[in-house]
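Structure below is run.cif: mmCIF, C-alpha atoms and all ligand atoms.
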```cif
data_final
loop_
_atom_site.label_atom_id
_atom_site.label_comp_id
_atom_site.auth_asym_id
_atom_site.auth_seq_id
_atom_site.Cartn_x
_atom_site.Cartn_y
_atom_site.Cartn_z
CA MET A 1 13.78 11.63 -14.11
CA ILE A 2 11.12 11.25 -11.44
CA PRO A 3 10.61 7.69 -10.13
CA ALA A 4 7.13 7.27 -11.65
CA GLU A 5 8.42 8.38 -15.06
CA LYS A 6 11.28 5.85 -14.79
CA ALA A 7 8.72 3.10 -14.03
CA ARG A 8 6.59 4.15 -17.02
CA GLN A 9 9.66 4.05 -19.24
CA LEU A 10 10.45 0.50 -18.08
CA LEU A 11 6.84 -0.58 -18.79
CA ARG A 12 7.14 0.93 -22.29
CA ASP A 13 10.60 -0.52 -22.99
CA PHE A 14 9.38 -4.01 -22.14
CA SER A 15 5.99 -3.49 -23.88
CA ILE A 16 4.17 -4.47 -20.68
CA THR A 17 0.45 -4.04 -21.13
CA THR A 18 -0.89 -6.79 -18.85
CA THR A 19 -0.18 -7.40 -15.14
CA PRO A 20 3.26 -5.83 -14.56
CA ALA A 21 4.01 -8.19 -11.63
CA LEU A 22 4.18 -11.10 -14.10
CA ASN A 23 7.18 -9.57 -15.86
CA PHE A 24 9.87 -9.50 -13.17
CA ASN A 25 11.77 -12.53 -14.47
CA ARG A 26 12.01 -11.08 -17.96
CA ILE A 27 13.33 -7.76 -16.62
CA PHE A 28 15.80 -9.35 -14.19
CA GLU A 29 17.12 -11.57 -16.97
CA HIS A 30 17.55 -8.64 -19.34
CA PHE A 31 19.61 -6.67 -16.80
CA ASN A 32 21.55 -9.75 -15.59
CA ILE A 33 20.10 -9.38 -12.12
CA ILE A 34 20.42 -12.50 -9.99
CA TYR A 35 17.17 -12.99 -8.10
CA ASP A 36 16.88 -15.08 -4.96
CA GLU A 37 14.31 -15.67 -2.25
CA MET A 38 14.86 -16.86 1.29
CA ASP A 39 13.06 -17.29 4.61
CA TYR A 40 15.01 -15.02 6.94
CA GLY A 41 12.97 -15.66 10.08
CA ASN A 42 12.59 -11.90 10.49
CA THR A 43 9.42 -10.26 9.25
CA ASN A 44 10.85 -6.76 9.63
CA TYR A 45 13.50 -7.28 6.93
CA MET A 46 11.90 -7.28 3.47
CA GLY A 47 14.64 -7.39 0.83
CA SER A 48 17.96 -6.15 -0.53
CA LEU A 49 19.69 -4.89 -3.63
CA ILE A 50 23.36 -5.88 -3.61
CA ARG A 51 26.08 -4.85 -6.05
CA ALA A 52 29.20 -6.96 -5.68
CA GLU A 53 32.00 -8.00 -8.03
CA GLY A 54 30.20 -6.74 -11.11
CA LYS A 55 27.03 -8.59 -10.19
CA THR A 56 23.64 -7.28 -9.15
CA ILE A 57 21.60 -9.37 -6.78
CA ILE A 58 18.04 -8.87 -5.55
CA LEU A 59 17.16 -10.83 -2.43
CA VAL A 60 13.62 -11.05 -1.12
CA ASN A 61 12.46 -12.28 2.26
CA THR A 62 9.62 -14.75 1.74
CA ASP A 63 8.76 -15.08 5.45
CA LEU A 64 5.40 -13.43 4.94
CA LYS A 65 4.20 -15.93 2.31
CA ASN A 66 2.19 -13.14 0.75
CA ALA A 67 2.54 -12.92 -3.04
CA GLY A 68 1.45 -9.28 -3.05
CA ARG A 69 3.98 -8.35 -0.38
CA ILE A 70 6.76 -10.18 -2.26
CA ASN A 71 5.85 -8.40 -5.51
CA PHE A 72 6.05 -5.02 -3.81
CA THR A 73 9.49 -5.88 -2.41
CA LYS A 74 10.71 -7.00 -5.85
CA ALA A 75 9.43 -3.79 -7.42
CA HIS A 76 10.97 -1.69 -4.63
CA GLU A 77 14.42 -3.29 -5.09
CA LEU A 78 14.08 -2.95 -8.87
CA GLY A 79 13.41 0.72 -8.11
CA HIS A 80 16.77 1.14 -6.33
CA PHE A 81 18.38 -0.47 -9.39
CA SER A 82 16.51 1.46 -12.10
CA LEU A 83 16.92 4.79 -10.31
CA ASN A 84 20.69 4.21 -10.05
CA HIS A 85 20.74 4.76 -6.31
CA LYS A 86 24.36 4.93 -5.20
CA GLY A 87 25.60 2.27 -2.83
CA LYS A 88 26.78 -1.33 -2.69
CA GLN A 89 24.00 -2.71 -0.56
CA PHE A 90 20.46 -1.65 0.27
CA GLU A 91 18.83 -3.52 3.13
CA CYS A 92 15.18 -2.56 3.16
CA SER A 93 12.92 -2.94 6.17
CA ARG A 94 9.17 -3.00 6.45
CA THR A 95 9.30 0.65 7.64
CA ASP A 96 11.30 1.66 4.53
CA MET A 97 8.38 0.44 2.42
CA LEU A 98 5.67 2.30 4.30
CA ASP A 99 4.21 5.54 3.04
CA PHE A 100 5.59 7.56 5.93
CA THR A 101 9.25 6.62 5.58
CA ARG A 102 11.39 9.77 5.60
CA LYS A 103 14.45 8.42 3.76
CA PRO A 104 14.48 10.01 0.28
CA ILE A 105 15.83 6.97 -1.59
CA GLU A 106 13.25 4.71 0.06
CA ILE A 107 10.45 7.14 -0.86
CA GLU A 108 11.73 7.10 -4.46
CA ALA A 109 11.90 3.29 -4.57
CA ASN A 110 8.31 3.13 -3.25
CA GLU A 111 7.07 5.65 -5.82
CA PHE A 112 8.73 3.59 -8.54
CA ALA A 113 7.18 0.36 -7.17
CA LYS A 114 3.67 1.86 -7.01
CA GLU A 115 3.76 3.12 -10.58
CA TYR A 116 5.38 -0.06 -11.88
CA LEU A 117 2.89 -2.44 -10.21
CA LEU A 118 -0.19 -0.20 -10.44
CA PRO A 119 0.30 2.13 -13.43
CA GLU A 120 -1.67 5.36 -13.13
CA GLN A 121 -2.91 5.01 -16.70
CA LYS A 122 -4.66 1.74 -15.79
CA VAL A 123 -5.62 2.21 -12.15
CA LYS A 124 -6.80 5.83 -12.25
CA PRO A 125 -9.85 5.25 -14.51
CA ILE A 126 -10.98 2.27 -12.38
CA SER A 127 -10.36 4.12 -9.10
CA MET A 128 -12.27 7.22 -10.18
CA SER A 129 -15.41 5.39 -11.19
CA ALA A 130 -15.58 2.37 -8.87
CA PRO A 131 -17.19 2.34 -5.41
CA PHE A 132 -14.66 2.62 -2.59
CA ASP A 133 -15.32 -0.78 -1.04
CA PHE A 134 -13.83 -4.24 -0.49
CA ASP A 135 -14.99 -5.54 -3.90
CA THR A 136 -13.01 -2.85 -5.71
CA ILE A 137 -9.98 -3.38 -3.46
CA LYS A 138 -10.10 -7.13 -4.08
CA ALA A 139 -10.49 -6.67 -7.85
CA ILE A 140 -7.45 -4.36 -8.07
CA SER A 141 -5.41 -6.51 -5.70
CA ASN A 142 -6.17 -9.65 -7.78
CA GLU A 143 -5.68 -8.09 -11.20
CA PHE A 144 -2.35 -6.44 -10.36
CA MET A 145 -1.13 -9.09 -7.86
CA VAL A 146 -0.53 -6.67 -5.00
CA SER A 147 -1.60 -6.79 -1.36
CA LYS A 148 -4.96 -5.31 -0.41
CA LEU A 149 -3.13 -2.59 1.52
CA VAL A 150 -1.06 -1.49 -1.50
CA ALA A 151 -4.22 -1.61 -3.66
CA VAL A 152 -6.31 0.53 -1.31
CA PHE A 153 -3.60 3.20 -0.94
CA ARG A 154 -3.25 3.40 -4.72
CA ILE A 155 -7.03 3.73 -5.21
CA LEU A 156 -6.99 6.66 -2.77
CA ASP A 157 -4.32 8.38 -4.89
CA PHE A 158 -7.01 8.88 -7.52
CA HIS A 159 -10.45 8.55 -5.92
CA LEU A 160 -12.56 11.69 -6.13
CA GLY A 161 -14.71 10.96 -3.05
CA ASN A 162 -14.01 11.82 0.60
CA TYR A 163 -12.57 8.55 1.88
CA ALA A 164 -9.90 7.31 4.27
CA VAL A 165 -8.42 3.94 5.11
CA ILE A 166 -7.03 2.82 8.45
CA GLY A 167 -5.19 -0.47 8.87
CA SER A 168 -4.80 -1.84 12.38
CA LYS A 169 -3.18 -4.90 13.91
CA ASP A 170 -4.23 -6.26 17.29
CA GLY A 171 -6.17 -3.03 17.86
CA ILE A 172 -3.22 -0.69 17.16
CA ILE A 173 -3.24 1.54 14.09
CA ALA A 174 -0.40 0.79 11.67
CA HIS A 175 -1.42 2.43 8.39
CA ILE A 176 -3.48 5.45 7.48
CA GLY A 177 -4.29 7.09 4.19
CA MET A 178 -6.92 9.41 2.74
CA SER A 179 -8.14 10.76 -0.57
CA LYS A 180 -6.67 14.07 -1.73
CA SER A 181 -9.92 15.90 -0.98
CA LEU A 182 -9.53 15.25 2.78
CA ILE A 183 -5.88 16.21 3.19
CA GLY A 184 -5.56 19.29 5.39
CA LYS A 185 -9.25 19.20 6.30
CA ILE A 186 -9.69 16.15 8.53
CA ASN A 187 -7.26 14.58 11.00
CA PHE A 188 -7.83 10.95 11.91
CA LEU A 189 -6.30 8.85 14.69
CA LYS A 190 -2.65 8.28 13.90
CA SER A 191 -0.25 5.39 13.64
CA GLY A 192 0.33 3.84 17.08
CA ASP A 193 -3.07 4.89 18.48
CA SER A 194 -5.52 2.26 19.72
CA ILE A 195 -8.78 1.75 17.88
CA HIS A 196 -11.88 2.81 19.81
CA ASN A 197 -13.91 0.21 21.73
CA ASN A 198 -17.07 1.48 20.06
CA SER A 199 -15.74 1.15 16.50
CA PHE A 200 -17.07 -1.48 14.13
CA ALA A 201 -13.41 -2.41 13.62
CA ASN A 202 -13.19 -3.51 17.24
CA GLU A 203 -16.46 -5.42 17.02
CA CYS A 204 -15.26 -7.23 13.88
CA LEU A 205 -12.06 -8.15 15.68
CA ILE A 206 -13.55 -9.49 18.92
CA SER A 207 -16.80 -11.09 17.69
CA SER A 208 -18.17 -12.90 14.65
CA PHE A 209 -19.71 -9.62 13.44
CA ARG A 210 -19.24 -9.09 9.71
CA MET A 211 -20.05 -5.94 7.75
CA ASN A 212 -21.40 -5.86 4.22
CA GLY A 213 -21.42 -2.13 3.66
CA TYR A 214 -20.92 1.29 5.24
CA ALA A 215 -22.73 2.09 8.50
CA PRO A 216 -22.99 5.43 10.36
CA ILE A 217 -20.56 5.90 13.24
CA ASP A 218 -19.86 8.77 15.66
CA PRO A 219 -17.11 10.82 13.91
CA LYS A 220 -15.22 11.07 17.24
CA THR A 221 -14.53 7.32 16.96
CA TRP A 222 -11.97 8.01 14.22
CA VAL A 223 -11.67 11.77 13.64
CA THR A 224 -9.45 13.78 15.99
CA ARG A 225 -9.82 17.16 14.30
CA ASN A 226 -12.10 18.73 11.73
CA LYS A 227 -10.52 21.79 10.12
CA SER A 228 -12.95 21.97 7.21
CA GLY A 229 -15.30 24.58 8.66
CA SER A 230 -18.35 22.36 8.09
CA ALA A 231 -19.94 19.73 10.30
CA ILE A 232 -19.36 16.16 9.14
CA SER A 233 -20.98 12.78 9.36
CA LEU A 234 -18.95 9.59 9.15
CA LYS A 235 -19.59 6.08 7.89
CA GLU A 236 -17.42 3.04 8.60
CA TYR A 237 -16.91 -0.23 6.74
CA SER A 238 -14.47 -2.63 8.44
CA ARG A 239 -13.33 -6.16 7.68
CA ALA A 240 -11.15 -8.24 10.00
CA ASP A 241 -8.71 -11.04 9.34
CA LYS A 242 -8.85 -12.70 12.72
CA SER A 243 -5.94 -15.08 12.08
CA SER A 244 -3.54 -12.13 11.82
CA GLY A 245 -5.44 -9.72 14.10
CA SER A 246 -5.55 -7.16 11.32
CA VAL A 247 -8.54 -5.00 10.41
CA LEU A 248 -8.95 -2.81 7.36
CA THR A 249 -11.31 0.11 8.00
CA LEU A 250 -12.76 2.22 5.21
CA LEU A 251 -14.23 5.59 6.21
CA LYS A 252 -16.52 7.87 4.24
CA VAL A 253 -16.78 11.53 5.24
CA ASP A 254 -19.83 13.59 4.33
CA PHE A 255 -19.67 17.39 4.75
CA LEU A 256 -23.03 18.65 6.00
ZN ZN A 301 14.74 0.19 -0.12
#
```
Show me, as structure tokens, the structure contained in the file I just sent.
Amino acid sequence: MIPAEKARQLLRDFSITTTPALNFNRIFEHFNIIYDEMDYGNTNYMGSLIRAEGKTIILVNTDLKNAGRINFTKAHELGHFSLNHKGKQFECSRTDMLDFTRKPIEIEANEFAKEYLLPEQKVKPISMSAPFDFDTIKAISNEFMVSKLVAVFRILDFHLGNYAVIGSKDGIIAHIGMSKSLIGKINFLKSGDSIHNNSFANECLISSFRMNGYAPIDPKTWVTRNKSGSAISLKEYSRADKSSGSVLTLLKVDFL
């Protein structure tokens, strides 16, 4: 059974029709999973699934104090459990939970977590019709109790427009995603690259500048290759969280 189907089955079995993240305790109790949280003093380690002496334990690192982040870790570890991944102990890092992890069981646990927390049946209709902006991201993130980053990636799974998202921290790109319509057509800067000095993202980070919508930007600021065969114009909408140095950049591509 594919991971998303397994997640859908769990949602059906537990008759979950509201926010799935509110149902972890009920599920853990049903399967006799011992759940524990701890501050590990290491923000790279996210959580574990441990099978020992007939017991199943899920441990989550609460260092990040981010309810959305913690929910994703819980769902990811529940994924290792529900998908019957073989092994006594899974120690999952931040990298294991990113979209570009290459380890098959981690990819499966992430696919399970995404469908469990943000079921396609509920999120797809909203994502297809809503504007791709910070209001929509916030609404999905609040309703489903996930981080803004998880919400925006899920919206892009379904959005019909030509959009991309780039997450950076201290000016270095850490996350990148795009709507299906752009895959194979447009290459953007990649993870590890620095954001451009002329980007709105940089201005948001270093000044009190705040954006309230998309604004035109030179495509070269973010696009490294255009394989589409048509000229493009680009619009950027960035918001910074100065306390953490992170910026979320939304990009809209128009084919001319
Ligand atoms: Zn894992």
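Pocket residues of ligand ZN 301 (chain A), taken as those with any atom at most 8 Å away using all atoms listed in the file, are Gly47, Ser48, Leu49, His76, Glu77, His80, Phe90, Glu91, Cys92, Ser93, Asp96, Met97, Ile105, Glu106, Ala109 and Asn110 of chain A.
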task = Name the residues in contact with A:Met46 at a cut-off of 9 Å, using all atoms listed in the file, excluding same-chain residues fewer than 2 positions from it; report them as a PyMOL selection string.
result = chain A and resi 42-44+48+59-63+69-70+73+91-94+97
Rows by chain and residue number, stretch 225-244 of chain A within 10 Å of stretch 114-137 of chain A, shortest pair, only C-alpha atoms, as JSON lines:
```
{"residue": "A:Tyr237", "atom": "CA", "partner": "A:Asp133", "partner_atom": "CA", "distance": 8.0}
{"residue": "A:Ser238", "atom": "CA", "partner": "A:Phe134", "partner_atom": "CA", "distance": 9.1}
{"residue": "A:Arg239", "atom": "CA", "partner": "A:Phe134", "partner_atom": "CA", "distance": 8.4}
```
task = Select, from A:Glu5, A:Glu236, A:Glu143, A:Glu37, the residue with the minimum atom-to-atom distance to A:Glu108, counting all atoms listed in the file.
result =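 Nearest candidate to A:Glu108 out of A:Glu5, A:Glu236, A:Glu143, A:Glu37: A:Glu5.
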inquiry  = Under the rule that only C-alpha atoms are counted, which of A:Phe72, A:Ile50, A:Asn226, A:Ser179 is the nearest residue to A:Pro20?
reply    =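 Ranking A:Phe72, A:Ile50, A:Asn226, A:Ser179 by distance to A:Pro20, first place goes to A:Phe72.
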request  = Report the distance between atom CA of A:Gly79 and atom CA of A:Thr101 in Å, rounded to one decimal place.
outcome  = 15.5 Å
query = In Å to one decimal, how far is atom CA of A:Leu98 from atom CA of A:Ile172?
reply = 15.9 Å
inquiry  = Taking 2 positions as the minimum chain separation for residues in the same chain, which residues sit within 9 Å of A:Val223 when counting all atoms listed in the file? Answer as a PyMOL selection string.
reply    = chain A and resi 186-189+218-221+225-226+234
Which of A:Ile217, A:Ile166, A:Ile2, A:Ala21 sits closest to A:Gly68 [using only C-alpha atoms] = A:Ala21
Pick from A:Arg154, A:His175, A:Lys169, A:His196 nearest to A:Ser243, counting only C-alpha atoms =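 The closest residue to A:Ser243 is A:Lys169.
With only C-alpha atoms as the atoms that count, the minimum distance from A:Leu149 to the choices A:Cys204, A:Ile27, A:Leu248, A:Met178 is reached by A:Leu248.
We find atom CA of A:Asn32 and atom CA of A:Ile58 to be spaced 10.7 Å apart.
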request  = Rank nothing, just name the residue among A:Arg8, A:Arg51, A:Lys190, A:Lys252 nearest to A:Ser168, using all atoms listed in the file.
outcome  = A:Lys190
query = Near A:Phe200, within 12 Å and counting only C-alpha atoms, which residues show up once chain neighbours fewer than 5 positions away are dropped, as a ChimeraX atom specification?
reply = /A:171,195,205-218,221-222,235-240,247-251
task = Please check which residues have atoms at most 6 Å from (-1.0, 1.8, 17.9) in the file's coordinates, counting all atoms listed in the file, and write them as a PyMOL selection string.
result = chain A and resi 172-173+191-194
